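J.: Before I ask anything, here is the structure I am working with.
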Amino acid sequence: MTNPTRNLILLVDDVDVDALLLTREVNKLRPEIEVQRSNNGEEALLALSEIRPELILLDIRMPRMDGRETLTYIKADDALRDIPVVMLSTSADENDIRYCYDKHANAYIEKKVSVKCTRNTIDNLLEFWFDTALK
């Protein structure tokens, strides 16, 4: 599987409320973009064996296989490493941020608590990745 599936985001997040909010905002802002969710890194890697998203939104703190491990695996895999990975986490810890960039995350965005901030973050993210970077 070498070609990305157009307009597909893989969202990897174990928190239902966060995943629903992010998915809802993507659907409102860009109804043509499909969001597929995995609850942890293990599920994400399984999904990536069958799909090729244009973008991965990856939380850091998850059970079973966290975002740091998942990012490390994705960026070490020749078949997956070119998929853009945006870390989207509540963590503002400098060590988390540095680790993710050292492991070649394409961006690191701190999750916001308000719906308005989340909407603005998602709008900017989608505009950049789907209208600029992926063209």
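FYI, nothing fancy with the structure tokens labels: chains A, B, ... in order, residues from 1 per chain, ligands from 1 as they appear.
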List the spatial neighbours of Ala44 of chain A as a list of chain:residue names - criterion: any atom at most 9 Å away, only C-alpha atoms, same-chain residues fewer than 5 positions off excluded.
T.: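 Those residues are A:Leu10, A:Leu11, A:Val12, A:Arg37, A:Ser38, A:Asn39, A:Ser49, A:Thr70.
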J.: Let's have the selection written as a CSV table (one decimal), in the first residue's frame, with N, CA, C and O atoms.
T.:
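Resulting contents of result_5.csv:
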chain,number,residue,atom,x,y,z
A,10,LEU,N,-6.2,9.3,10.4
A,10,LEU,CA,-6.2,8.3,11.4
A,10,LEU,C,-6.0,9.0,12.8
A,10,LEU,O,-5.0,9.6,13.0
A,11,LEU,N,-7.0,9.0,13.6
A,11,LEU,CA,-7.0,9.6,14.9
A,11,LEU,C,-6.7,8.5,15.9
A,11,LEU,O,-7.5,7.6,16.0
A,12,VAL,N,-5.7,8.7,16.7
A,12,VAL,CA,-5.3,7.7,17.7
A,12,VAL,C,-5.4,8.4,19.1
A,12,VAL,O,-4.6,9.2,19.5
A,37,ARG,N,-10.8,6.1,13.8
A,37,ARG,CA,-10.2,6.2,15.1
A,37,ARG,C,-9.6,4.8,15.5
A,37,ARG,O,-10.2,3.8,15.3
A,38,SER,N,-8.5,4.9,16.2
A,38,SER,CA,-7.9,3.8,17.0
A,38,SER,C,-7.8,4.3,18.4
A,38,SER,O,-7.5,5.4,18.7
A,39,ASN,N,-7.9,3.3,19.3
A,39,ASN,CA,-7.9,3.7,20.8
A,39,ASN,C,-6.5,3.7,21.4
A,39,ASN,O,-6.3,4.2,22.5
A,49,SER,N,-1.8,-1.4,8.8
A,49,SER,CA,-1.5,-2.5,7.9
A,49,SER,C,-2.6,-2.6,6.8
A,49,SER,O,-2.4,-3.3,5.8
A,70,THR,N,4.4,4.4,19.6
A,70,THR,CA,3.7,4.3,18.3
A,70,THR,C,4.4,5.2,17.2
A,70,THR,O,4.7,4.8,16.1
J.: Segment 48-70 of chain A near segment 128-134 of chain A within 12 Å: what's each residue's closest atom pair and its distance in Å to one decimal, counting only C-alpha atoms, ordered by chain then ascending residue number, as a tab-separated table?
T.:
residue	atom	partner	partner_atom	distance
A:Pro53	CA	A:Leu134	CA	11.7
A:Glu54	CA	A:Leu134	CA	8.0
A:Leu55	CA	A:Trp129	CA	7.9
A:Ile56	CA	A:Trp129	CA	10.8
A:Leu57	CA	A:Trp129	CA	11.5
J.: Write the residues you've just listed into a file as a short mmCIF file (atom, residue, chain, number, x, y, z; two decimals), in the first residue's frame, and include C-alpha atoms for each of them.
T.:
data_model
loop_
_atom_site.label_atom_id
_atom_site.label_comp_id
_atom_site.auth_asym_id
_atom_site.auth_seq_id
_atom_site.Cartn_x
_atom_site.Cartn_y
_atom_site.Cartn_z
CA PRO A 53 -4.12 7.86 5.79
CA GLU A 54 -2.89 11.22 4.59
CA LEU A 55 -2.39 12.30 8.21
CA ILE A 56 -2.11 10.70 11.65
CA LEU A 57 -3.22 12.58 14.76
#
J.: Please, what distance in Å, to one decimal, runs between atom CA of Glu69 of chain A and atom CA of Val15 of chain A?
T.: 17.8 Å
J.: So which residues of chain A fall under alpha helix (DSSP H) by DSSP, listed as a PyMOL selection string?
T.: chain A and resi 16-29+41-48+67-76+94-102+115-126
J.: Interatomic distance between atom CA of Ile109 of chain A and atom CA of Thr90 of chain A?
T.: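 Result for atom CA of Ile109 of chain A versus atom CA of Thr90 of chain A: 8.5 Å, one decimal.
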J.: Using only C-alpha atoms, find the one residue out of A:Ala47, A:Glu32, A:Glu42, A:His104 that sits nearest to Leu8 of chain A.
T.: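 Closest residue, counting only C-alpha atoms: A:Glu32.
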J.: Name the closest residue to Ile83 of chain A among the candidates A:Leu48, A:Cys100, A:Leu29, A:Cys117; distances are taken between atoms, counting only C-alpha atoms.
T.: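 Of the candidates, the smallest distance to Ile83 of chain A is held by A:Leu48.
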J.: For the structure I just gave you, how does DSSP split segment 10-56 of chain A - specifically, which residues are strand (DSSP E or B)? Reply as a ChimeraX atom specification.
T.: /A:10-12,34-38,55-56
J.: Write out the residues from the selection above, keeping N, CA and C atoms, as an mmCIF file, in the first residue's frame.
T.:
data_model
loop_
_atom_site.group_PDB
_atom_site.id
_atom_site.type_symbol
_atom_site.label_atom_id
_atom_site.label_comp_id
_atom_site.auth_asym_id
_atom_site.auth_seq_id
_atom_site.Cartn_x
_atom_site.Cartn_y
_atom_site.Cartn_z
ATOM 1 N N LEU A 10 -6.154 9.281 10.390
ATOM 2 C CA LEU A 10 -6.195 8.282 11.450
ATOM 3 C C LEU A 10 -6.006 9.028 12.766
ATOM 4 N N LEU A 11 -7.019 8.992 13.614
ATOM 5 C CA LEU A 11 -6.985 9.625 14.923
ATOM 6 C C LEU A 11 -6.727 8.532 15.950
ATOM 7 N N VAL A 12 -5.654 8.691 16.718
ATOM 8 C CA VAL A 12 -5.292 7.691 17.716
ATOM 9 C C VAL A 12 -5.406 8.354 19.089
ATOM 10 N N GLU A 34 -12.579 12.003 6.033
ATOM 11 C CA GLU A 34 -13.014 10.914 6.900
ATOM 12 C C GLU A 34 -12.018 10.763 8.048
ATOM 13 N N VAL A 35 -12.543 10.528 9.235
ATOM 14 C CA VAL A 35 -11.699 10.275 10.395
ATOM 15 C C VAL A 35 -11.927 8.844 10.842
ATOM 16 N N GLN A 36 -10.861 8.077 10.890
ATOM 17 C CA GLN A 36 -10.918 6.719 11.421
ATOM 18 C C GLN A 36 -10.173 6.728 12.742
ATOM 19 N N ARG A 37 -10.757 6.127 13.751
ATOM 20 C CA ARG A 37 -10.166 6.183 15.098
ATOM 21 C C ARG A 37 -9.605 4.843 15.536
ATOM 22 N N SER A 38 -8.473 4.926 16.214
ATOM 23 C CA SER A 38 -7.909 3.806 16.957
ATOM 24 C C SER A 38 -7.769 4.258 18.400
ATOM 25 N N LEU A 55 -2.850 11.651 6.981
ATOM 26 C CA LEU A 55 -2.390 12.302 8.206
ATOM 27 C C LEU A 55 -2.753 11.435 9.398
ATOM 28 N N ILE A 56 -1.848 11.389 10.384
ATOM 29 C CA ILE A 56 -2.115 10.700 11.647
ATOM 30 C C ILE A 56 -2.095 11.740 12.758
#
J.: With distances taken over only C-alpha atoms, which of A:Val26, A:Asp16, A:Lys103, A:Pro31 is nearest to Ala76 of chain A?
T.: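 Comparing A:Val26, A:Asp16, A:Lys103, A:Pro31 against Ala76 of chain A, the winner is A:Lys103.
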J.: Of the candidates A:Asp96, A:Glu25, A:Glu50, A:Asp18, which shows the shortest atom-to-atom distance to Asn120 of chain A, using only C-alpha atoms?
T.: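 The closest residue to Asn120 of chain A is A:Glu25.
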J.: Using only C-alpha atoms, which of the listed residues (A:Lys28, A:Arg52, A:Arg68, A:Arg119) sits closest to Tyr99 of chain A?
T.: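 The answer is A:Arg68, which sits nearest to Tyr99 of chain A.
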J.: Quick one: everything within 9 Å of Tyr108 of chain A, counting only C-alpha atoms, minus sequence neighbours fewer than 6 positions away in the same chain. Send it as a list in words.
T.: Val85, Val86, Met87, Leu88, Ser89, Ile97, Cys100 and Tyr101 of chain A
J.: Under the rule that only C-alpha atoms are counted, which of A:Ile33, A:Leu45, A:Ile51, A:Leu58 is the nearest residue to Ala19 of chain A?
T.: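 Of A:Ile33, A:Leu45, A:Ile51, A:Leu58, the one nearest Ala19 of chain A is A:Leu58, counting only C-alpha atoms.
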J.: Could you state the separation of atom CA of Met65 of chain A and atom CA of Gly41 of chain A in Å, given to one decimal place?
T.: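 It comes out at 4.7 Å.
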